[in-house]
$ cat my_file.pdb   # PDB, C-alpha atoms and all ligand atoms
ATOM      1  CA  MET A   1      49.961 -29.939  -6.135
ATOM      2  CA  LEU A   2      53.413 -29.787  -7.719
ATOM      3  CA  HIS A   3      53.115 -32.590 -10.351
ATOM      4  CA  LEU A   4      56.665 -33.764  -9.573
ATOM      5  CA  HIS A   5      57.464 -37.477  -9.805
ATOM      6  CA  THR A   6      60.022 -37.299  -6.976
ATOM      7  CA  ARG A   7      60.375 -35.143  -3.858
ATOM      8  CA  THR A   8      63.571 -33.886  -2.259
ATOM      9  CA  GLU A   9      64.715 -35.685   0.879
ATOM     10  CA  PRO A  10      65.374 -33.663   4.085
ATOM     11  CA  ALA A  11      69.059 -34.694   3.844
ATOM     12  CA  TRP A  12      69.475 -32.329   0.862
ATOM     13  CA  GLY A  13      68.386 -29.373   3.027
ATOM     14  CA  GLU A  14      70.778 -30.361   5.804
ATOM     15  CA  ALA A  15      73.650 -30.669   3.315
ATOM     16  CA  ALA A  16      72.727 -27.303   1.744
ATOM     17  CA  LEU A  17      73.237 -25.593   5.121
ATOM     18  CA  GLY A  18      76.958 -26.215   4.670
ATOM     19  CA  HIS A  19      76.956 -24.363   1.309
ATOM     20  CA  LEU A  20      74.695 -21.370   1.942
ATOM     21  CA  ARG A  21      76.972 -18.887   0.162
ATOM     22  CA  GLU A  22      76.923 -20.864  -3.085
ATOM     23  CA  ILE A  23      73.222 -21.718  -2.779
ATOM     24  CA  LEU A  24      72.258 -18.070  -2.308
ATOM     25  CA  LEU A  25      74.343 -16.969  -5.292
ATOM     26  CA  ASP A  26      72.793 -19.730  -7.413
ATOM     27  CA  HIS A  27      69.365 -18.695  -6.173
ATOM     28  CA  ALA A  28      69.947 -15.081  -7.270
ATOM     29  CA  HIS A  29      70.979 -16.318 -10.730
ATOM     30  CA  CYS A  30      67.904 -18.610 -10.889
ATOM     31  CA  GLU A  31      65.535 -15.723 -10.149
ATOM     32  CA  LYS A  32      67.193 -13.581 -12.835
ATOM     33  CA  LYS A  33      67.008 -16.475 -15.307
ATOM     34  CA  ALA A  34      63.321 -17.050 -14.488
ATOM     35  CA  ALA A  35      62.585 -13.382 -15.308
ATOM     36  CA  SER A  36      64.575 -13.587 -18.527
ATOM     37  CA  THR A  37      62.806 -16.809 -19.589
ATOM     38  CA  ALA A  38      59.376 -15.228 -19.087
ATOM     39  CA  ILE A  39      60.384 -12.181 -21.154
ATOM     40  CA  GLY A  40      61.958 -14.442 -23.796
ATOM     41  CA  LEU A  41      58.637 -16.283 -24.174
ATOM     42  CA  MET A  42      56.832 -12.955 -24.640
ATOM     43  CA  PHE A  43      59.136 -12.242 -27.589
ATOM     44  CA  ARG A  44      58.970 -15.777 -29.020
ATOM     45  CA  TYR A  45      55.140 -15.844 -28.963
ATOM     46  CA  PRO A  46      53.872 -12.290 -29.699
ATOM     47  CA  ASP A  47      50.898 -13.920 -31.511
ATOM     48  CA  ARG A  48      49.676 -15.774 -28.380
ATOM     49  CA  PRO A  49      47.525 -13.209 -26.546
ATOM     50  CA  THR A  50      46.811 -15.501 -23.563
ATOM     51  CA  LEU A  51      50.496 -15.501 -22.633
ATOM     52  CA  ALA A  52      51.515 -11.837 -22.652
ATOM     53  CA  ILE A  53      50.108 -10.405 -19.411
ATOM     54  CA  PRO A  54      50.691 -13.487 -17.174
ATOM     55  CA  LEU A  55      54.291 -13.700 -18.470
ATOM     56  CA  ALA A  56      54.842  -9.991 -17.814
ATOM     57  CA  GLN A  57      53.569 -10.483 -14.241
ATOM     58  CA  LEU A  58      55.811 -13.518 -13.749
ATOM     59  CA  ALA A  59      58.855 -11.610 -15.038
ATOM     60  CA  ARG A  60      58.203  -8.719 -12.649
ATOM     61  CA  GLU A  61      57.836 -11.038  -9.655
ATOM     62  CA  GLU A  62      61.001 -12.948 -10.528
ATOM     63  CA  LEU A  63      62.980  -9.716 -10.866
ATOM     64  CA  GLU A  64      61.681  -8.674  -7.466
ATOM     65  CA  HIS A  65      62.855 -12.022  -6.061
ATOM     66  CA  PHE A  66      66.242 -11.445  -7.684
ATOM     67  CA  GLU A  67      66.499  -8.126  -5.845
ATOM     68  CA  GLN A  68      65.388  -9.664  -2.515
ATOM     69  CA  VAL A  69      67.880 -12.543  -2.713
ATOM     70  CA  THR A  70      70.708 -10.247  -3.823
ATOM     71  CA  VAL A  71      70.069  -7.752  -1.017
ATOM     72  CA  LEU A  72      70.043 -10.533   1.585
ATOM     73  CA  MET A  73      73.154 -12.132   0.101
ATOM     74  CA  ARG A  74      74.995  -8.778   0.332
ATOM     75  CA  ALA A  75      73.837  -8.278   3.929
ATOM     76  CA  ARG A  76      75.523 -11.602   4.682
ATOM     77  CA  GLY A  77      78.787 -10.476   3.083
ATOM     78  CA  GLY A  78      78.280 -12.165  -0.300
ATOM     79  CA  GLU A  79      78.295 -10.548  -3.745
ATOM     80  CA  LEU A  80      77.038 -11.299  -7.251
ATOM     81  CA  ALA A  81      79.595 -13.190  -9.308
ATOM     82  CA  ARG A  82      79.738 -15.508 -12.269
ATOM     83  CA  GLN A  83      78.917 -19.101 -11.316
ATOM     84  CA  THR A  84      78.708 -22.323 -13.341
ATOM     85  CA  PRO A  85      75.020 -23.247 -13.464
ATOM     86  CA  SER A  86      73.623 -26.729 -12.974
ATOM     87  CA  PRO A  87      73.007 -28.363 -16.390
ATOM     88  CA  TYR A  88      69.490 -29.246 -15.124
ATOM     89  CA  ALA A  89      67.432 -26.574 -16.938
ATOM     90  CA  ALA A  90      69.173 -27.017 -20.311
ATOM     91  CA  GLU A  91      68.780 -30.811 -20.115
ATOM     92  CA  LEU A  92      65.146 -30.518 -19.082
ATOM     93  CA  LEU A  93      64.352 -28.116 -21.963
ATOM     94  CA  ALA A  94      66.139 -30.454 -24.402
ATOM     95  CA  GLY A  95      63.133 -32.765 -23.902
ATOM     96  CA  CYS A  96      60.769 -30.260 -25.580
ATOM     97  CA  ARG A  97      59.261 -31.134 -28.938
ATOM     98  CA  THR A  98      60.650 -28.914 -31.707
ATOM     99  CA  HIS A  99      57.539 -28.221 -33.829
ATOM    100  CA  GLU A 100      54.870 -25.666 -32.974
ATOM    101  CA  PRO A 101      52.476 -25.531 -31.202
ATOM    102  CA  SER A 102      53.901 -28.518 -29.259
ATOM    103  CA  ARG A 103      57.136 -26.621 -28.610
ATOM    104  CA  ALA A 104      55.250 -23.814 -26.876
ATOM    105  CA  VAL A 105      53.238 -26.246 -24.723
ATOM    106  CA  ASP A 106      56.355 -28.207 -23.744
ATOM    107  CA  THR A 107      58.385 -25.095 -22.947
ATOM    108  CA  LEU A 108      55.642 -23.770 -20.669
ATOM    109  CA  LEU A 109      55.357 -27.181 -18.979
ATOM    110  CA  CYS A 110      59.127 -27.344 -18.451
ATOM    111  CA  CYS A 111      58.964 -23.867 -16.903
ATOM    112  CA  SER A 112      56.209 -25.152 -14.609
ATOM    113  CA  LEU A 113      58.389 -28.107 -13.567
ATOM    114  CA  ILE A 114      61.392 -25.849 -12.877
ATOM    115  CA  GLU A 115      59.136 -23.703 -10.678
ATOM    116  CA  ALA A 116      57.780 -26.837  -8.970
ATOM    117  CA  ARG A 117      61.285 -28.145  -8.284
ATOM    118  CA  SER A 118      62.356 -24.751  -6.955
ATOM    119  CA  CYS A 119      59.364 -24.841  -4.619
ATOM    120  CA  ASP A 120      60.146 -28.432  -3.527
ATOM    121  CA  ARG A 121      63.780 -27.505  -2.801
ATOM    122  CA  MET A 122      62.822 -24.289  -1.014
ATOM    123  CA  GLN A 123      60.377 -26.188   1.211
ATOM    124  CA  VAL A 124      63.132 -28.591   2.246
ATOM    125  CA  LEU A 125      65.682 -25.798   2.678
ATOM    126  CA  HIS A 126      63.192 -23.738   4.689
ATOM    127  CA  ARG A 127      62.571 -26.652   7.078
ATOM    128  CA  ALA A 128      66.330 -27.151   7.547
ATOM    129  CA  LEU A 129      66.783 -23.399   8.117
ATOM    130  CA  VAL A 130      64.046 -23.285  10.782
ATOM    131  CA  THR A 131      65.668 -26.181  12.667
ATOM    132  CA  ALA A 132      69.115 -24.587  12.334
ATOM    133  CA  CYS A 133      67.819 -21.177  13.456
ATOM    134  CA  ASN A 134      66.197 -22.698  16.560
ATOM    135  CA  ALA A 135      69.503 -24.460  17.301
ATOM    136  CA  LYS A 136      71.345 -21.082  16.990
ATOM    137  CA  HIS A 137      73.324 -22.138  13.893
ATOM    138  CA  PRO A 138      75.928 -19.363  13.333
ATOM    139  CA  ASP A 139      75.097 -18.936   9.601
ATOM    140  CA  VAL A 140      71.293 -18.900   9.934
ATOM    141  CA  ASP A 141      69.122 -16.032  11.132
ATOM    142  CA  ASP A 142      65.466 -14.987  11.014
ATOM    143  CA  ALA A 143      65.955 -12.904   7.857
ATOM    144  CA  LEU A 144      67.088 -15.966   5.895
ATOM    145  CA  VAL A 145      64.235 -18.116   7.234
ATOM    146  CA  GLU A 146      61.695 -15.408   6.357
ATOM    147  CA  LEU A 147      63.072 -14.973   2.827
ATOM    148  CA  TYR A 148      62.505 -18.649   2.003
ATOM    149  CA  GLU A 149      59.112 -18.646   3.691
ATOM    150  CA  SER A 150      57.915 -15.818   1.431
ATOM    151  CA  LEU A 151      59.520 -17.133  -1.770
ATOM    152  CA  LEU A 152      58.348 -20.721  -1.662
ATOM    153  CA  ALA A 153      54.684 -19.669  -1.655
ATOM    154  CA  CYS A 154      55.334 -17.655  -4.852
ATOM    155  CA  GLU A 155      57.109 -20.522  -6.601
ATOM    156  CA  ALA A 156      54.154 -22.854  -5.922
ATOM    157  CA  ARG A 157      51.856 -20.250  -7.516
ATOM    158  CA  HIS A 158      54.220 -19.857 -10.491
ATOM    159  CA  HIS A 159      54.153 -23.607 -11.086
ATOM    160  CA  GLY A 160      50.361 -23.524 -11.394
ATOM    161  CA  ALA A 161      50.425 -20.382 -13.538
ATOM    162  CA  TYR A 162      52.655 -22.023 -16.173
ATOM    163  CA  VAL A 163      50.437 -25.131 -16.274
ATOM    164  CA  GLU A 164      47.413 -22.883 -16.833
ATOM    165  CA  LEU A 165      49.227 -21.040 -19.654
ATOM    166  CA  ALA A 166      50.033 -24.353 -21.375
ATOM    167  CA  ARG A 167      46.364 -25.321 -21.105
ATOM    168  CA  THR A 168      45.378 -22.189 -23.042
ATOM    169  CA  LEU A 169      47.343 -23.516 -26.037
ATOM    170  CA  GLY A 170      46.042 -27.056 -26.313
ATOM    171  CA  ASP A 171      43.568 -29.705 -25.346
ATOM    172  CA  ARG A 172      43.545 -29.951 -21.541
ATOM    173  CA  ALA A 173      43.748 -33.762 -21.337
ATOM    174  CA  GLU A 174      46.604 -33.801 -23.863
ATOM    175  CA  VAL A 175      48.490 -31.043 -22.005
ATOM    176  CA  ASP A 176      48.078 -32.901 -18.693
ATOM    177  CA  ARG A 177      49.297 -36.142 -20.262
ATOM    178  CA  ARG A 178      52.361 -34.323 -21.596
ATOM    179  CA  LEU A 179      52.960 -32.741 -18.170
ATOM    180  CA  ASP A 180      53.146 -36.230 -16.673
ATOM    181  CA  GLU A 181      55.646 -37.349 -19.359
ATOM    182  CA  LEU A 182      57.829 -34.296 -18.830
ATOM    183  CA  ALA A 183      57.651 -34.762 -15.039
ATOM    184  CA  ALA A 184      59.162 -38.235 -15.512
ATOM    185  CA  HIS A 185      61.886 -36.667 -17.694
ATOM    186  CA  GLU A 186      62.484 -33.971 -15.034
ATOM    187  CA  ALA A 187      62.968 -36.597 -12.302
ATOM    188  CA  ARG A 188      65.562 -38.406 -14.460
ATOM    189  CA  VAL A 189      67.402 -35.170 -15.287
ATOM    190  CA  LEU A 190      67.583 -34.160 -11.616
ATOM    191  CA  ALA A 191      68.710 -37.637 -10.496
ATOM    192  CA  GLY A 192      71.475 -37.489 -13.118
ATOM    193  CA  ALA A 193      72.558 -33.924 -12.282
ATOM    194  CA  PRO A 194      76.135 -33.537 -11.052
ATOM    195  CA  GLN A 195      77.040 -32.962  -7.429
ATOM    196  CA  MET A 196      76.965 -29.170  -7.044
ATOM    197  CA  ALA A 197      75.734 -26.726  -4.402
ATOM    198  CA  ARG A 198      72.858 -25.507  -6.571
ATOM    199  CA  LEU A 199      69.075 -25.491  -6.138
ATOM    200  CA  HIS A 200      68.697 -27.850  -9.119
ATOM    201  CA  ALA A 201      71.500 -30.400  -8.646
ATOM    202  CA  THR A 202      72.491 -33.150  -6.220
ATOM    203  CA  LEU A 203      74.459 -32.700  -3.011
TER     204      LEU A 203
HETATM  205 FE    FE B 301      61.081 -16.575  -7.983
HETATM  206 FE    FE B 302      59.160 -18.480  -9.870
END
$ encode --input "my_file.pdb" --output "structure tokens" --more "lines below"
Ligand SMILES: [Fe+2]
Ligand SMILES: [Fe+2]
Amino acid sequence: MLHLHTRTEPAWGEAALGHLREILLDHAHCEKKAASTAIGLMFRYPDRPTLAIPLAQLAREELEHFEQVTVLMRARGGELARQTPSPYAAELLAGCRTHEPSRAVDTLLCCSLIEARSCDRMQVLHRALVTACNAKHPDVDDALVELYESLLACEARHHGAYVELARTLGDRAEVDRRLDELAAHEARVLAGAPQMARLHATL
């Protein structure tokens, strides 16, 4: 269960097929950012022993995803380059409370929602890629389909892992209530995101 208030329509996946170069580059940056966020939280909360090992595991997995996406992107003739990110993550995190321990709970819940949205988008993209591959789309091959198949399962697990981490820091019912509030905020942020070929924007 992803806890999202909205789900991505299949039309987004079909539109994304026309921007695979940009989407893959954005995806590589997202994986790198996910690793950096997990490590950043380890440094921000060295006094929270429940967080350290799960965050270290998350960071390692995200770095591995970064490598996988980058290798596939290069095999398709692309290369790492600077790219303007979607304002989605910054706007989502702006909804976090600023006093501790609420800030820690909210940050972990926002991370869980980013992972959930990544999973939602990857599910839709994967479905569009399968259809395109079967129809012999010139830009889609088995390697691309298989990459998304393997990654979306991980992102669903990451979503749950961040929710569990937040629950170690507060009352479970209170954390779940806050997750629902932040999920409503996340849906508004995504709906208001600019039109960009990014995993967390509109197309
Ligand atoms: Fe990932
Ligand atoms: Fe992830």
$ residues_around --input "my_file.pdb" --residues "range 90-107 of chain A" --least-positions-apart "2" --cutoff "7 Å" --atoms "only C-alpha atoms" --output "ChimeraX atom specification"
/A:87-88,109-111,166,169,186,189
$ resolve_selection --input "my_file.pdb" --expression "the PyMOL selection byres (((not hetatm)) within 6 of (chain B and resi 302))" --output "ChimeraX atom specification"
/A:62,115,155,158
$ resolve_selection --input "my_file.pdb" --expression "the PyMOL selection byres (((chain A and resi 126) around 10) and not hetatm)" --output "list in words"
Gly13, Asp120, Arg121, Met122, Gln123, Val124, Leu125, Arg127, Ala128, Leu129, Val130, Thr131, Ala132, Leu144, Val145, Glu146, Leu147, Tyr148, Glu149, Leu151 and Leu152 of chain A
$ residues_around --input "my_file.pdb" --residues "Ala184 in chain A" --least-positions-apart "6" --cutoff "12 Å" --atoms "all atoms listed in the file" --output "list in words"
His3, Leu4, His5, Thr6, Leu92, Gly95, Cys110, Leu113, Arg177, Arg178, Leu190 and Ala191 of chain A
$ closest_residue --input "my_file.pdb" --among "A:Asp47, A:Glu9, A:Glu67, A:Glu22" --to "ligand FE 301 (chain B)" --atoms "only C-alpha atoms and all ligand atoms"
A:Glu67
$ residues_near_ligand --input "my_file.pdb" --ligand "ligand FE 301 (chain B)" --cutoff "10 Å" --atoms "all atoms listed in the file" --output "number ranges by chain"
A: 27-28, 30-35, 58-66, 68-69, 115, 118-119, 150-158
$ closest_residue --input "my_file.pdb" --among "A:Thr8, A:Gly18, A:Glu164, A:Arg76" --to "Asp141 in chain A" --atoms "all atoms listed in the file"
A:Arg76
$ build_atoms --input "my_file.pdb" --residues "range 21-35 of chain A" --atoms "N, CA, C and O atoms" --output "mmCIF file, keeping the file's coordinate frame"
data_model
loop_
_atom_site.group_PDB
_atom_site.id
_atom_site.type_symbol
_atom_site.label_atom_id
_atom_site.label_comp_id
_atom_site.auth_asym_id
_atom_site.auth_seq_id
_atom_site.Cartn_x
_atom_site.Cartn_y
_atom_site.Cartn_z
ATOM 1 N N ARG A 21 76.455 -19.949 1.035
ATOM 2 C CA ARG A 21 76.972 -18.887 0.162
ATOM 3 C C ARG A 21 76.720 -19.218 -1.306
ATOM 4 O O ARG A 21 76.188 -18.394 -2.062
ATOM 5 N N GLU A 22 77.095 -20.433 -1.686
ATOM 6 C CA GLU A 22 76.923 -20.864 -3.085
ATOM 7 C C GLU A 22 75.442 -20.998 -3.456
ATOM 8 O O GLU A 22 75.033 -20.649 -4.560
ATOM 9 N N ILE A 23 74.660 -21.523 -2.528
ATOM 10 C CA ILE A 23 73.222 -21.718 -2.779
ATOM 11 C C ILE A 23 72.532 -20.365 -2.988
ATOM 12 O O ILE A 23 71.713 -20.200 -3.902
ATOM 13 N N LEU A 24 72.881 -19.389 -2.170
ATOM 14 C CA LEU A 24 72.258 -18.070 -2.308
ATOM 15 C C LEU A 24 72.648 -17.402 -3.626
ATOM 16 O O LEU A 24 71.811 -16.779 -4.288
ATOM 17 N N LEU A 25 73.905 -17.543 -4.011
ATOM 18 C CA LEU A 25 74.343 -16.969 -5.292
ATOM 19 C C LEU A 25 73.606 -17.660 -6.443
ATOM 20 O O LEU A 25 73.104 -17.004 -7.359
ATOM 21 N N ASP A 26 73.528 -18.993 -6.379
ATOM 22 C CA ASP A 26 72.793 -19.730 -7.413
ATOM 23 C C ASP A 26 71.335 -19.282 -7.439
ATOM 24 O O ASP A 26 70.741 -19.100 -8.502
ATOM 25 N N HIS A 27 70.766 -19.099 -6.260
ATOM 26 C CA HIS A 27 69.365 -18.695 -6.173
ATOM 27 C C HIS A 27 69.157 -17.337 -6.855
ATOM 28 O O HIS A 27 68.195 -17.161 -7.613
ATOM 29 N N ALA A 28 70.067 -16.394 -6.613
ATOM 30 C CA ALA A 28 69.947 -15.081 -7.270
ATOM 31 C C ALA A 28 69.976 -15.260 -8.796
ATOM 32 O O ALA A 28 69.141 -14.689 -9.515
ATOM 33 N N HIS A 29 70.912 -16.078 -9.283
ATOM 34 C CA HIS A 29 70.979 -16.318 -10.730
ATOM 35 C C HIS A 29 69.695 -16.981 -11.250
ATOM 36 O O HIS A 29 69.228 -16.671 -12.341
ATOM 37 N N CYS A 30 69.140 -17.913 -10.471
ATOM 38 C CA CYS A 30 67.904 -18.610 -10.889
ATOM 39 C C CYS A 30 66.735 -17.628 -11.020
ATOM 40 O O CYS A 30 65.939 -17.726 -11.960
ATOM 41 N N GLU A 31 66.632 -16.696 -10.091
ATOM 42 C CA GLU A 31 65.535 -15.723 -10.149
ATOM 43 C C GLU A 31 65.684 -14.836 -11.390
ATOM 44 O O GLU A 31 64.712 -14.538 -12.087
ATOM 45 N N LYS A 32 66.920 -14.426 -11.656
ATOM 46 C CA LYS A 32 67.193 -13.581 -12.835
ATOM 47 C C LYS A 32 66.875 -14.351 -14.112
ATOM 48 O O LYS A 32 66.267 -13.823 -15.043
ATOM 49 N N LYS A 33 67.260 -15.626 -14.132
ATOM 50 C CA LYS A 33 67.008 -16.475 -15.307
ATOM 51 C C LYS A 33 65.501 -16.684 -15.498
ATOM 52 O O LYS A 33 65.005 -16.704 -16.634
ATOM 53 N N ALA A 34 64.775 -16.847 -14.396
ATOM 54 C CA ALA A 34 63.321 -17.050 -14.488
ATOM 55 C C ALA A 34 62.663 -15.824 -15.118
ATOM 56 O O ALA A 34 61.753 -15.942 -15.951
ATOM 57 N N ALA A 35 63.130 -14.624 -14.728
ATOM 58 C CA ALA A 35 62.585 -13.382 -15.308
ATOM 59 C C ALA A 35 62.910 -13.328 -16.796
ATOM 60 O O ALA A 35 62.047 -13.023 -17.634
#
